[in-house]
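Undergrad: File follows, my_file-v8.cif with mmCIF, C-alpha atoms and all ligand atoms:
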data_upload
loop_
_atom_site.group_PDB
_atom_site.id
_atom_site.type_symbol
_atom_site.label_atom_id
_atom_site.label_comp_id
_atom_site.auth_asym_id
_atom_site.auth_seq_id
_atom_site.Cartn_x
_atom_site.Cartn_y
_atom_site.Cartn_z
ATOM 1 C CA MET A 97 -14.277 -17.958 -20.746
ATOM 2 C CA LEU A 98 -10.644 -17.136 -21.641
ATOM 3 C CA THR A 99 -9.000 -18.810 -24.639
ATOM 4 C CA VAL A 100 -5.313 -18.333 -25.381
ATOM 5 C CA SER A 101 -4.095 -20.020 -28.584
ATOM 6 C CA HIS A 102 -0.541 -20.508 -29.778
ATOM 7 C CA LEU A 103 0.855 -17.440 -28.064
ATOM 8 C CA SER A 104 4.553 -16.780 -28.655
ATOM 9 C CA LYS A 105 6.918 -13.975 -27.720
ATOM 10 C CA GLN A 106 10.616 -13.282 -28.226
ATOM 11 C CA PHE A 107 12.857 -10.601 -26.772
ATOM 12 C CA ASN A 108 16.006 -9.920 -28.813
ATOM 13 C CA ASP A 109 15.612 -13.206 -30.720
ATOM 14 C CA GLN A 110 15.318 -15.117 -27.447
ATOM 15 C CA PRO A 111 12.018 -17.054 -27.143
ATOM 16 C CA VAL A 112 10.320 -16.153 -23.849
ATOM 17 C CA LEU A 113 6.868 -17.704 -24.504
ATOM 18 C CA ARG A 114 6.563 -20.690 -26.851
ATOM 19 C CA ASP A 115 3.237 -21.700 -28.328
ATOM 20 C CA ILE A 116 1.156 -21.196 -25.179
ATOM 21 C CA SER A 117 -2.448 -22.431 -25.362
ATOM 22 C CA LEU A 118 -4.929 -22.531 -22.489
ATOM 23 C CA THR A 119 -8.625 -22.218 -21.748
ATOM 24 C CA LEU A 120 -10.103 -21.026 -18.499
ATOM 25 C CA ALA A 121 -13.788 -21.183 -17.561
ATOM 26 C CA GLU A 122 -15.516 -18.477 -15.529
ATOM 27 C CA GLY A 123 -14.712 -18.658 -11.824
ATOM 28 C CA GLU A 124 -11.592 -20.781 -12.284
ATOM 29 C CA VAL A 125 -8.209 -19.893 -10.817
ATOM 30 C CA LEU A 126 -5.268 -21.066 -12.913
ATOM 31 C CA ALA A 127 -2.179 -21.248 -10.719
ATOM 32 C CA VAL A 128 0.964 -21.123 -12.860
ATOM 33 C CA LEU A 129 4.068 -22.368 -11.117
ATOM 34 C CA GLY A 130 7.458 -21.486 -12.537
ATOM 35 C CA ARG A 131 10.987 -20.563 -11.619
ATOM 36 C CA SER A 132 12.411 -17.099 -11.953
ATOM 37 C CA GLY A 133 12.748 -15.953 -15.565
ATOM 38 C CA CYS A 134 10.452 -18.628 -17.068
ATOM 39 C CA GLY A 135 8.181 -15.986 -18.656
ATOM 40 C CA LYS A 136 5.372 -15.712 -16.055
ATOM 41 C CA THR A 137 5.278 -11.913 -15.955
ATOM 42 C CA THR A 138 5.505 -11.630 -19.738
ATOM 43 C CA LEU A 139 2.455 -13.900 -20.082
ATOM 44 C CA LEU A 140 0.410 -11.755 -17.681
ATOM 45 C CA LYS A 141 1.552 -8.526 -19.346
ATOM 46 C CA ILE A 142 0.429 -9.794 -22.746
ATOM 47 C CA LEU A 143 -2.967 -10.731 -21.307
ATOM 48 C CA ALA A 144 -3.281 -7.290 -19.708
ATOM 49 C CA GLY A 145 -2.235 -5.588 -22.966
ATOM 50 C CA LEU A 146 0.937 -4.120 -21.448
ATOM 51 C CA GLU A 147 3.118 -6.138 -23.826
ATOM 52 C CA THR A 148 2.424 -7.359 -27.367
ATOM 53 C CA ALA A 149 2.618 -10.977 -28.543
ATOM 54 C CA ASP A 150 4.548 -11.918 -31.707
ATOM 55 C CA SER A 151 1.890 -14.459 -32.681
ATOM 56 C CA GLY A 152 -1.185 -16.184 -31.291
ATOM 57 C CA THR A 153 -4.692 -15.137 -30.317
ATOM 58 C CA LEU A 154 -6.476 -14.121 -27.117
ATOM 59 C CA GLU A 155 -10.216 -14.261 -26.582
ATOM 60 C CA LEU A 156 -12.319 -13.368 -23.565
ATOM 61 C CA HIS A 157 -16.024 -14.290 -23.693
ATOM 62 C CA GLY A 158 -15.675 -14.648 -27.468
ATOM 63 C CA GLN A 159 -14.151 -11.161 -27.907
ATOM 64 C CA ASP A 160 -10.787 -10.890 -29.687
ATOM 65 C CA LEU A 161 -8.648 -9.087 -27.103
ATOM 66 C CA LEU A 162 -5.648 -8.140 -29.227
ATOM 67 C CA PRO A 163 -7.121 -4.913 -30.646
ATOM 68 C CA VAL A 164 -8.551 -3.920 -27.226
ATOM 69 C CA PRO A 165 -6.429 -1.343 -25.352
ATOM 70 C CA PRO A 166 -5.393 -2.252 -21.769
ATOM 71 C CA ASN A 167 -7.826 0.164 -20.097
ATOM 72 C CA GLU A 168 -10.773 -1.420 -21.937
ATOM 73 C CA ARG A 169 -9.934 -5.056 -21.232
ATOM 74 C CA GLN A 170 -11.640 -4.982 -17.790
ATOM 75 C CA MET A 171 -8.759 -6.827 -16.213
ATOM 76 C CA VAL A 172 -6.808 -5.988 -13.098
ATOM 77 C CA TYR A 173 -3.132 -6.765 -12.703
ATOM 78 C CA LEU A 174 -1.882 -7.114 -9.109
ATOM 79 C CA TYR A 175 1.826 -7.191 -8.238
ATOM 80 C CA GLN A 176 3.803 -7.792 -5.075
ATOM 81 C CA GLU A 177 3.755 -4.098 -4.250
ATOM 82 C CA PRO A 178 0.187 -2.951 -3.695
ATOM 83 C CA LEU A 179 -0.529 0.202 -5.674
ATOM 84 C CA LEU A 180 -2.585 2.451 -3.414
ATOM 85 C CA PHE A 181 -3.238 6.197 -3.402
ATOM 86 C CA PRO A 182 -1.202 7.359 -0.387
ATOM 87 C CA HIS A 183 -3.428 10.372 0.330
ATOM 88 C CA LEU A 184 -6.706 8.417 0.323
ATOM 89 C CA SER A 185 -8.127 6.363 3.200
ATOM 90 C CA VAL A 186 -8.637 2.604 2.899
ATOM 91 C CA PHE A 187 -12.342 3.208 2.235
ATOM 92 C CA GLU A 188 -11.667 5.747 -0.511
ATOM 93 C CA ASN A 189 -8.975 3.606 -2.106
ATOM 94 C CA VAL A 190 -11.502 0.783 -2.483
ATOM 95 C CA ALA A 191 -14.284 3.193 -3.528
ATOM 96 C CA PHE A 192 -12.133 4.828 -6.230
ATOM 97 C CA GLY A 193 -13.115 2.510 -9.109
ATOM 98 C CA LEU A 194 -16.802 3.118 -8.386
ATOM 99 C CA ARG A 195 -16.407 6.890 -8.058
ATOM 100 C CA ILE A 196 -14.810 7.241 -11.480
ATOM 101 C CA ARG A 197 -17.682 5.153 -12.880
ATOM 102 C CA LYS A 198 -20.103 7.673 -11.292
ATOM 103 C CA VAL A 199 -21.851 5.041 -9.152
ATOM 104 C CA LYS A 200 -24.364 6.577 -6.706
ATOM 105 C CA GLU A 201 -23.076 7.443 -3.232
ATOM 106 C CA ALA A 202 -25.458 5.101 -1.374
ATOM 107 C CA GLU A 203 -24.400 2.140 -3.525
ATOM 108 C CA ILE A 204 -20.719 3.013 -3.065
ATOM 109 C CA ARG A 205 -21.190 3.079 0.736
ATOM 110 C CA GLN A 206 -22.940 -0.273 0.706
ATOM 111 C CA ARG A 207 -20.590 -2.119 -1.650
ATOM 112 C CA VAL A 208 -17.370 -0.820 -0.088
ATOM 113 C CA THR A 209 -18.609 -1.494 3.455
ATOM 114 C CA GLU A 210 -19.568 -5.069 2.544
ATOM 115 C CA LEU A 211 -16.304 -5.771 0.753
ATOM 116 C CA LEU A 212 -14.177 -4.341 3.574
ATOM 117 C CA ALA A 213 -16.018 -6.670 5.968
ATOM 118 C CA GLU A 214 -15.300 -9.683 3.725
ATOM 119 C CA LEU A 215 -11.642 -8.678 3.619
ATOM 120 C CA GLU A 216 -11.626 -8.256 7.426
ATOM 121 C CA MET A 217 -10.629 -4.613 6.993
ATOM 122 C CA SER A 218 -13.682 -2.797 8.443
ATOM 123 C CA GLU A 219 -11.838 -1.522 11.496
ATOM 124 C CA HIS A 220 -9.099 -0.007 9.287
ATOM 125 C CA ALA A 221 -11.457 1.824 6.888
ATOM 126 C CA ARG A 222 -10.335 5.308 7.934
ATOM 127 C CA LYS A 223 -6.599 4.627 7.981
ATOM 128 C CA ALA A 224 -4.175 5.821 5.328
ATOM 129 C CA PRO A 225 -2.088 3.183 3.459
ATOM 130 C CA HIS A 226 1.093 4.054 5.412
ATOM 131 C CA GLN A 227 -0.692 3.096 8.659
ATOM 132 C CA LEU A 228 -1.244 -0.496 7.468
ATOM 133 C CA SER A 229 0.842 -3.668 7.508
ATOM 134 C CA GLY A 230 1.978 -5.226 4.207
ATOM 135 C CA GLY A 231 -0.749 -7.886 4.349
ATOM 136 C CA GLN A 232 -3.405 -5.262 5.076
ATOM 137 C CA ARG A 233 -2.210 -3.113 2.155
ATOM 138 C CA GLN A 234 -2.441 -6.148 -0.088
ATOM 139 C CA ARG A 235 -6.034 -6.728 1.071
ATOM 140 C CA VAL A 236 -6.935 -3.126 0.171
ATOM 141 C CA SER A 237 -5.340 -3.619 -3.220
ATOM 142 C CA PHE A 238 -7.384 -6.810 -3.663
ATOM 143 C CA GLY A 239 -10.519 -4.890 -2.626
ATOM 144 C CA ARG A 240 -9.790 -2.165 -5.216
ATOM 145 C CA ALA A 241 -9.584 -4.876 -7.864
ATOM 146 C CA LEU A 242 -12.696 -6.807 -6.795
ATOM 147 C CA ILE A 243 -14.994 -3.821 -6.420
ATOM 148 C CA ILE A 244 -15.020 -3.206 -10.168
ATOM 149 C CA ARG A 245 -15.816 -6.893 -10.883
ATOM 150 C CA PRO A 246 -12.985 -7.486 -13.376
ATOM 151 C CA ARG A 247 -13.505 -10.020 -16.152
ATOM 152 C CA LEU A 248 -10.041 -11.407 -15.405
ATOM 153 C CA LEU A 249 -7.775 -10.905 -12.423
ATOM 154 C CA LEU A 250 -4.034 -11.302 -13.032
ATOM 155 C CA LEU A 251 -1.917 -11.907 -9.952
ATOM 156 C CA ASP A 252 1.871 -11.745 -10.210
ATOM 157 C CA GLU A 253 3.370 -13.207 -7.009
ATOM 158 C CA PRO A 254 1.013 -10.956 -5.016
ATOM 159 C CA PHE A 255 1.999 -12.340 -1.606
ATOM 160 C CA GLY A 256 5.728 -12.679 -2.297
ATOM 161 C CA ASN A 257 6.722 -9.959 0.157
ATOM 162 C CA LEU A 258 4.728 -11.308 3.092
ATOM 163 C CA ASP A 259 5.935 -13.526 5.937
ATOM 164 C CA ALA A 260 4.929 -17.197 5.765
ATOM 165 C CA GLN A 261 1.985 -16.970 8.178
ATOM 166 C CA THR A 262 0.486 -13.802 6.684
ATOM 167 C CA ARG A 263 0.985 -15.301 3.256
ATOM 168 C CA ALA A 264 -0.915 -18.475 4.236
ATOM 169 C CA ALA A 265 -3.755 -16.354 5.668
ATOM 170 C CA MET A 266 -3.886 -14.281 2.458
ATOM 171 C CA GLN A 267 -4.037 -17.418 0.313
ATOM 172 C CA GLN A 268 -7.061 -18.638 2.300
ATOM 173 C CA LEU A 269 -8.700 -15.227 2.082
ATOM 174 C CA PHE A 270 -8.022 -14.981 -1.657
ATOM 175 C CA GLY A 271 -9.583 -18.437 -2.202
ATOM 176 C CA ARG A 272 -12.656 -17.625 -0.117
ATOM 177 C CA VAL A 273 -13.344 -14.192 -1.624
ATOM 178 C CA SER A 274 -12.668 -15.185 -5.226
ATOM 179 C CA ARG A 275 -15.027 -18.179 -4.886
ATOM 180 C CA GLN A 276 -17.678 -15.933 -3.371
ATOM 181 C CA HIS A 277 -17.367 -13.365 -6.172
ATOM 182 C CA HIS A 278 -16.858 -16.005 -8.868
ATOM 183 C CA ILE A 279 -13.685 -14.279 -10.060
ATOM 184 C CA THR A 280 -11.696 -15.785 -12.937
ATOM 185 C CA SER A 281 -7.972 -15.394 -12.383
ATOM 186 C CA ILE A 282 -4.461 -16.385 -13.322
ATOM 187 C CA PHE A 283 -2.157 -16.519 -10.316
ATOM 188 C CA VAL A 284 1.571 -16.895 -10.999
ATOM 189 C CA THR A 285 3.881 -18.054 -8.266
ATOM 190 C CA HIS A 286 7.175 -19.856 -7.694
ATOM 191 C CA ASP A 287 5.753 -21.549 -4.568
ATOM 192 C CA SER A 288 4.209 -24.982 -5.230
ATOM 193 C CA ARG A 289 2.294 -24.945 -1.961
ATOM 194 C CA GLU A 290 0.754 -21.591 -2.863
ATOM 195 C CA ALA A 291 -0.179 -22.938 -6.315
ATOM 196 C CA LEU A 292 -1.945 -25.902 -4.705
ATOM 197 C CA THR A 293 -3.740 -23.701 -2.171
ATOM 198 C CA VAL A 294 -5.127 -21.103 -4.588
ATOM 199 C CA GLY A 295 -5.450 -23.013 -7.881
ATOM 200 C CA THR A 296 -8.556 -24.759 -9.138
ATOM 201 C CA ARG A 297 -6.428 -25.521 -12.231
ATOM 202 C CA LEU A 298 -2.672 -26.025 -12.234
ATOM 203 C CA GLY A 299 0.060 -25.309 -14.751
ATOM 204 C CA TYR A 300 3.838 -25.286 -14.903
ATOM 205 C CA LEU A 301 5.765 -22.815 -17.037
ATOM 206 C CA GLU A 302 9.320 -23.709 -17.974
ATOM 207 C CA ARG A 303 11.410 -21.752 -20.470
ATOM 208 C CA GLY A 304 8.262 -20.337 -21.994
ATOM 209 C CA ARG A 305 6.405 -23.646 -22.370
ATOM 210 C CA LEU A 306 3.221 -24.238 -20.383
ATOM 211 C CA THR A 307 2.253 -27.694 -19.142
ATOM 212 C CA SER A 308 -1.360 -27.958 -17.945
ATOM 213 C CA PHE A 309 -2.195 -30.652 -15.424
ATOM 214 C CA ALA A 310 -5.442 -32.595 -15.476
ATOM 215 C CA SER A 311 -5.356 -33.252 -11.720
ATOM 216 C CA VAL A 312 -3.592 -32.417 -8.461
ATOM 217 C CA THR A 313 -2.133 -35.938 -8.512
ATOM 218 C CA GLU A 314 -0.451 -35.253 -11.870
ATOM 219 C CA PHE A 315 0.895 -31.933 -10.585
ATOM 220 C CA VAL A 316 2.305 -33.524 -7.418
ATOM 221 C CA ALA A 317 3.848 -36.389 -9.387
ATOM 222 C CA ASP A 318 5.703 -34.060 -11.798
ATOM 223 C CA ALA A 319 9.290 -33.833 -10.510
ATOM 224 C CA ARG A 320 9.560 -30.169 -11.593
ATOM 225 C CA THR A 321 7.042 -29.076 -8.968
ATOM 226 C CA ASN A 322 9.436 -30.503 -6.339
ATOM 227 C CA ILE A 323 6.519 -31.622 -4.185
ATOM 228 C CA ALA A 324 7.362 -35.330 -4.193
ATOM 229 C CA ALA A 325 10.955 -34.480 -3.114
ATOM 230 C CA GLU A 326 9.644 -32.225 -0.338
ATOM 231 C CA LEU A 327 7.238 -34.875 0.913
ATOM 232 C CA SER A 328 10.017 -37.434 1.096
ATOM 233 C CA PHE A 329 12.248 -34.881 2.920
ATOM 234 C CA TRP A 330 9.575 -34.428 5.622
ATOM 235 C CA GLU A 331 8.904 -38.166 5.740
ATOM 236 C CA ASN A 332 12.641 -38.746 6.387
ATOM 237 C CA ILE A 333 12.681 -36.129 9.131
ATOM 238 C CA ARG A 334 9.616 -37.677 10.718
ATOM 239 C CA SER A 335 10.977 -41.215 10.638
ATOM 240 C CA THR A 336 14.384 -40.225 12.056
ATOM 241 C CA ALA A 337 12.896 -37.859 14.656
ATOM 242 C CA SER A 338 10.088 -40.104 15.945
ATOM 243 C CA PRO A 339 12.152 -42.429 18.211
ATOM 244 C CA ALA A 340 13.664 -39.378 19.981
ATOM 245 C CA VAL A 341 10.207 -37.881 20.460
ATOM 246 C CA ALA A 342 8.914 -41.165 21.863
ATOM 247 C CA GLU A 343 11.632 -41.400 24.541
HETATM 248 N N1 LIG B 1 11.242 -5.863 -21.994
HETATM 249 C C1 LIG B 1 12.128 -6.893 -22.069
HETATM 250 N N2 LIG B 1 13.181 -6.831 -22.898
HETATM 251 C C2 LIG B 1 14.047 -7.864 -23.012
HETATM 252 N N3 LIG B 1 13.961 -9.005 -22.310
HETATM 253 C C3 LIG B 1 12.930 -9.130 -21.448
HETATM 254 C C4 LIG B 1 11.957 -8.078 -21.281
HETATM 255 N N4 LIG B 1 11.046 -8.479 -20.350
HETATM 256 C C5 LIG B 1 11.424 -9.718 -19.951
HETATM 257 N N5 LIG B 1 12.555 -10.109 -20.619
HETATM 258 C C6 LIG B 1 13.242 -11.402 -20.471
HETATM 259 O O1 LIG B 1 12.293 -12.425 -20.638
HETATM 260 C C7 LIG B 1 12.512 -13.487 -19.723
HETATM 261 C C8 LIG B 1 11.238 -13.741 -18.906
HETATM 262 O O2 LIG B 1 10.971 -12.603 -18.086
HETATM 263 P P1 LIG B 1 9.699 -12.564 -17.113
HETATM 264 O O3 LIG B 1 9.719 -11.247 -16.413
HETATM 265 O O4 LIG B 1 8.492 -12.903 -17.896
HETATM 266 O O5 LIG B 1 10.055 -13.749 -16.117
HETATM 267 P P2 LIG B 1 9.345 -14.264 -14.774
HETATM 268 O O6 LIG B 1 9.057 -15.695 -14.984
HETATM 269 O O7 LIG B 1 8.206 -13.376 -14.422
HETATM 270 O O8 LIG B 1 10.521 -14.103 -13.731
HETATM 271 P P3 LIG B 1 10.520 -13.618 -12.194
HETATM 272 O O9 LIG B 1 9.801 -14.698 -11.422
HETATM 273 O O10 LIG B 1 11.979 -13.532 -11.879
HETATM 274 O O11 LIG B 1 9.815 -12.295 -12.156
HETATM 275 C C9 LIG B 1 13.706 -13.081 -18.885
HETATM 276 O O12 LIG B 1 14.850 -13.724 -19.419
HETATM 277 C C10 LIG B 1 13.802 -11.589 -19.061
HETATM 278 O O13 LIG B 1 15.133 -11.148 -18.992
#
Would you write out, as structure tokens, the structure that this file holds?
Ligand SMILES: Nc1ncnc2c1ncn2[C@@H]1O[C@H](COP(=O)(O)OP(=O)(O)OP(=O)(O)O)[C@@H](O)[C@H]1O
TA:
Amino acid sequence: MLTVSHLSKQFNDQPVLRDISLTLAEGEVLAVLGRSGCGKTTLLKILAGLETADSGTLELHGQDLLPVPPNERQMVYLYQEPLLFPHLSVFENVAFGLRIRKVKEAEIRQRVTELLAELEMSEHARKAPHQLSGGQRQRVSFGRALIIRPRLLLLDEPFGNLDAQTRAAMQQLFGRVSRQHHITSIFVTHDSREALTVGTRLGYLERGRLTSFASVTEFVADARTNIAAELSFWENIRSTASPAVAE
């Protein structure tokens, strides 16, 4: 369970995060929607320990996180650009986290092989990162994160560089695999559809203030998510286009 209480952060006297509080149970995915510059990345960096908060507390499974250095927080932070070792194969990139933890070879083989199958990457196991598409690289990066069973996965617009169809496929895959592995994560995005697809919980961050929604209905009804406006746009198109289609 993650508990964030009254977290605030300023840069050069400008508030970037204002009194953020949230709780997240194990296995939940909090999708945080927000426009550019609203403070999404700063929030994730503070959770990962890559940035310090001015005030507030962070707890994970009852442990105060603030004194814990980033490499001991057991979190993984994924960005748009997958960070892979260029000289290692797909298999070895995924295996890396287990090798440095001195896991036995037979277990490494088994766990990496299973995970690559779940990520639909088995046939690419021997390829180098430069021989993969952007979506495939992102799947390897996801595999590298999952293999070490992080306590919290932080995703910062991870599919932002992908085309719409690949992005939709990755959202489905992310949902399926994170449910299967019971991964707790915070997924920030500026795409309301993506937030609805991946989130089991939904939030909206605006000028450093987080609104948490109790239901999908509340999220859809909030004008800032722009979903109601989009629905009425498509409804208008449908109603004006239907007579022509019928002819
Ligand atoms: N190290 C820093 N020093 C000064 N200002 C910063 C620093 N990091 C971020 N900011 C400012 O804080 C605000 C929030 O930045 P942040 O990167 O968290 O936004 P974001 O919501 O992730 O935006 P985007 O979607 O464009 O990446 C911005 O106004 C940014 O200029």
Undergrad: Could you write out as a ChimeraX atom specification the residues that the PyMOL selection byres (((chain A and resi 219-229) around 7) and not hetatm) matches in the shown file?
TA: /A:180,182-187,217-218,230-233
Undergrad: For the PyMOL selection byres (((chain A and resi 129-144) around 7) and not hetatm), applied here, can you spell out every residue it catches as number ranges by chain?
TA: A: 112-113, 127-128, 145-149, 166, 171, 250, 252, 284-288, 291, 299-304
Undergrad: Contacts of His157 of chain A at 12 Å or less, counting only C-alpha atoms, minus same-chain residues fewer than 3 places along, as a list in words?
TA: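 In the requested form, the answer reads Met97, Leu98, Thr99, Val100, Thr119, Leu120, Ala121, Glu122, Leu154, Asp160, Leu161, Arg169, Gln170, Arg247, Leu248 and Thr280 of chain A.
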Undergrad: Can you tell me how far atom C8 of ligand LIG 1 (chain B) sits from atom CA of Asp109 of chain A, in Å to one decimal?
TA: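 Interatomic distance here is 12.6 Å.
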Undergrad: Which one is closest to ligand LIG 1 (chain B): A:Glu177, A:Glu331, A:Glu253, A:Glu203? Count all atoms listed in the file.
TA: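 Using all atoms listed in the file, ligand LIG 1 (chain B) sits closest to A:Glu253.
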Undergrad: Given the file shown, determine the residues that the PyMOL selection byres (((chain A and resi 210) around 12) and not hetatm) selects; report them as a list in words.
TA: Phe187, Val190, Ala191, Glu203, Ile204, Arg205, Gln206, Arg207, Val208, Thr209, Leu211, Leu212, Ala213, Glu214, Leu215, Glu216, Met217, Ser218, Ala221, Gly239, Leu242, Ile243 and Val273 of chain A
Undergrad: Would you put the residues from that selection into a file with C-alpha atoms, as a compact mmCIF listing (two decimals), in the frame of the given file?
TA:
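File produced: again32.txt:
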# COMPACT_ATOMS: atom_id res chain seq x y z
CA PHE A 187 -12.34 3.21 2.24
CA VAL A 190 -11.50 0.78 -2.48
CA ALA A 191 -14.28 3.19 -3.53
CA GLU A 203 -24.40 2.14 -3.52
CA ILE A 204 -20.72 3.01 -3.06
CA ARG A 205 -21.19 3.08 0.74
CA GLN A 206 -22.94 -0.27 0.71
CA ARG A 207 -20.59 -2.12 -1.65
CA VAL A 208 -17.37 -0.82 -0.09
CA THR A 209 -18.61 -1.49 3.46
CA LEU A 211 -16.30 -5.77 0.75
CA LEU A 212 -14.18 -4.34 3.57
CA ALA A 213 -16.02 -6.67 5.97
CA GLU A 214 -15.30 -9.68 3.72
CA LEU A 215 -11.64 -8.68 3.62
CA GLU A 216 -11.63 -8.26 7.43
CA MET A 217 -10.63 -4.61 6.99
CA SER A 218 -13.68 -2.80 8.44
CA ALA A 221 -11.46 1.82 6.89
CA GLY A 239 -10.52 -4.89 -2.63
CA LEU A 242 -12.70 -6.81 -6.80
CA ILE A 243 -14.99 -3.82 -6.42
CA VAL A 273 -13.34 -14.19 -1.62
Undergrad: For atom CA of Ala337 of chain A and atom CA of Val312 of chain A, determine how far apart the two atoms are, in Å to one decimal place.
TA: 28.9 Å
Undergrad: Which is closer to Gln176 of chain A than all the others in A:Arg272, A:Arg334, A:His277, A:Arg263, using all atoms listed in the file?
TA: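 Looking at the shortest contact to Gln176 of chain A, the residue is A:Arg263.
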Undergrad: Atom CA of Leu298 of chain A and atom CA of Thr313 of chain A, how far apart in Å?
TA: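 Going from atom CA of Thr313 of chain A over to atom CA of Leu298 of chain A, I get 10.6 Å.
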Undergrad: My list of candidates is A:Ala265, A:Leu327, A:Leu251, A:Leu258. Which is closest to ligand LIG 1 (chain B) when distances are computed with all atoms listed in the file?
TA: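 Closest to ligand LIG 1 (chain B), using all atoms listed in the file: A:Leu251.
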Undergrad: Which residue is closest to ligand LIG 1 (chain B)? Choose from A:Phe192, A:Asn167, A:Leu306, A:Phe238 and count only C-alpha atoms and all ligand atoms.
TA: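 Smallest distance to ligand LIG 1 (chain B) is found for A:Leu306.
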Undergrad: Go through A:Pro246, A:Gly295, A:Gly271, A:Pro254 and flag the residue nearest ligand LIG 1 (chain B), using all atoms listed in the file for the distances.
TA: A:Pro254
Undergrad: Assuming 5 Å of padding per side, give the centre and edge lengths of the axis-aligned box around every listed atom of segment 303-320 of chain A, in Å to one decimal and as AutoDock Vina command-line options.
TA:
--center_x 3.0 --center_y -28.4 --center_z -14.9 --size_x 26.9 --size_y 26.1 --size_z 25.0
Undergrad: For each of A:Leu194, A:Arg305, A:Gln261, A:Val172, take the minimum atom-to-atom distance to ligand LIG 1 (chain B), counting only C-alpha atoms and all ligand atoms, then give the residue where this is smallest.
TA: A:Arg305
